[in-house]
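Please read the structure below before turning to the comments.
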Protein chains: 4
Amino acid sequence: MILNIGDNYASSTSGNEFKKQKSPEMDQCIQNCLNCFKICEETLARCFTQIEHKDSSHLALLKSCAEICNTSAKFMMLNSKFHSDVCGVCSKVCIECADSCEALGDASMKECIEACRKCADSCAKMAKLPH
Amino acid sequence: MILNIGDNYASSTSGNEFKKQKSPEMDQCIQNCLNCFKICEETLARCFTQIEHKDSSHLALLKSCAEICNTSAKFMMLNSKFHSDVCGVCSKVCIECADSCEALGDASMKECIEACRKCADSCAKMAKLPH
Amino acid sequence: MILNIGDNYASSTSGNEFKKQKSPEMDQCIQNCLNCFKICEETLARCFTQIEHKDSSHLALLKSCAEICNTSAKFMMLNSKFHSDVCGVCSKVCIECADSCEALGDASMKECIEACRKCADSCAKMAKLPH
Amino acid sequence: MILNIGDNYASSTSGNEFKKQKSPEMDQCIQNCLNCFKICEETLARCFTQIEHKDSSHLALLKSCAEICNTSAKFMMLNSKFHSDVCGVCSKVCIECADSCEALGDASMKECIEACRKCADSCAKMAKLPH
């Protein structure tokens, strides 16, 4: 299958907020966002019960990351032309959340770090696409 | 692996809102909710562009269904003891959304109907578990 | 102005998911939900920084309460017939969140307790209305 | 009361994701976001029932605007240092949503236009603050 991204995105010049076709890259990015949303929510819930992980910055980052991943996914599901702006912010938050998890030096954070890095990468790519 | 659901849920009698262990059934239900959330959001976005699917009840049901699936997933990710209440409502909304999609008699609704039915079934099971 | 709630709600028997008219009680309940959502989110953020309020049950309840208040408000804004189901769950979570805040015996929780009780009351009323 | 915004924001250089003090401007911006979120959700619900307002771009913009206002409010409630990034995107979406509502030339859109413009203005200010 040849994906004609050019045609797809060209339609945005007509002023339509809504675009019909989704690229495989966007589909994958939605999955990465949903996965990161899930892992961050579950990690936050786990941190609530662990004395050693209750650093306020870390808790706030996990919560921010879950929120923006959810929002990012919604903007892509809706095919909103603003998805690239939201993905740009999402990428930034994911990187900082991964760094914060890494700084804890705890094996239990491995899954969260991976989910954040993967989401950050695909969101960064979506942020750079013209819209 | 033997999952001791009894022990897991017994802990709720201690008054803790938060429980540590997640059952495979709950994990599957989270996935079903996330998938139904995604399909309903995408179907709603598609309906925005299709004159023949802009029935107000149908649009509102798709939106309600996406919202409650997202919320349901969050309550399970958090392992909140109220997840069964939210899953109960989610199951109801999913059934009605599936029925509404079915009534359109349109092949493009097949994926949404399946996602809603699957989510409704697993949420109904979560709603019946003691908490 | 005399608001004919009877007529408004009678329309639901026609199978419409969406109802046009909002009662003043529902408008007030939306405001109470939005306010409780805000206060719970801010209280959760504050608890992240306070060692003495980092009980896992309390944090999870504040998060659950913020989520369900937000969802409850959305169902009423959409005028979904399922708003009463969501309001019913919301009322339960708000009561438990208020109790949990009260148990801390801390003056800083006063605003949160009040917002939760007020939201619980109006949601309980919305839950009892026929739909 | 003299609010020392300088000290408040200076703390972000220490790498804390979470800041304790909220400025009156941020408080006002949260209210503007919550109000715009509410009006956009209600306007979207109303558009579902009105044949003449079912333009796909308009529906998608109302939905995007409601989502980003909700997210923006959450980032400020949490006092996340990324609130300025989210507010920046929120401001852009609000302006486009207001323009889209205005283009309809319909008196019923007045409240939504005003809520979007007000939210856009305060979010633009939050986006420019150093963080």
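Please note that chains go A, B, ... in the order of the structure tokens, that every chain numbers its residues from 1, and that ligands are numbered from 1 in the order shown.
Neighbours of A:Gln50 closer than or equal to 12 Å, with only C-alpha atoms counted and sequence neighbours fewer than 2 positions away skipped, come out as Thr43, Leu44, Ala45, Arg46, Cys47, Phe48, Glu52, His53, Lys54, Asp55, Leu59 and Ser108 of chain A; Phe18 and Lys20 of chain B; Lys54, Asp55, Ser56 and Ser57 of chain C.
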Q.
Please find the residues of chain D near chain C - the criterion being any atom within 10 Å, counting only C-alpha atoms - and write them as a VMD selection string.
A. chain D and resid 18 to 21 30 to 31 34 to 35 37 to 46 48 to 49 70 73 to 80
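One finds atom CA of B:Ala127 at 4.9 Å from atom CA of B:Gly88.
Residues with any atom within 9 Å of A:Cys36, counting only C-alpha atoms and excluding same-chain neighbours fewer than 5 positions away, are Gln31, Glu41, Cys65, Ala66, Cys69, Asn70, Cys94, Cys112, Glu114, Ala115, Cys116, Lys118 and Cys119 of chain A.
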Using only C-alpha atoms, please write the residues we just selected to a file, as a compact mmCIF listing (two decimals), in the first residue's frame.
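part.txt, written as the output of this step:
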```
# COMPACT_ATOMS: atom_id res chain seq x y z
CA GLN A 31 -1.65 3.40 20.38
CA GLU A 41 -1.99 6.13 35.49
CA CYS A 65 1.90 12.81 31.42
CA ALA A 66 -1.22 10.64 31.71
CA CYS A 69 -1.27 11.46 26.44
CA ASN A 70 -5.03 11.02 26.77
CA CYS A 94 6.82 12.40 28.15
CA CYS A 112 6.96 3.45 32.47
CA GLU A 114 9.91 2.71 27.96
CA ALA A 115 6.28 3.74 27.39
CA CYS A 116 7.17 7.43 27.85
CA LYS A 118 8.21 5.46 22.80
CA CYS A 119 5.33 7.93 23.07
```
Q: Record the distance separating atom CA of A:Asp99 and atom CA of A:Lys63, expressed in Å with one decimal.
A: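 Taking atom CA of A:Asp99 and atom CA of A:Lys63, their separation equals 14.6 Å.
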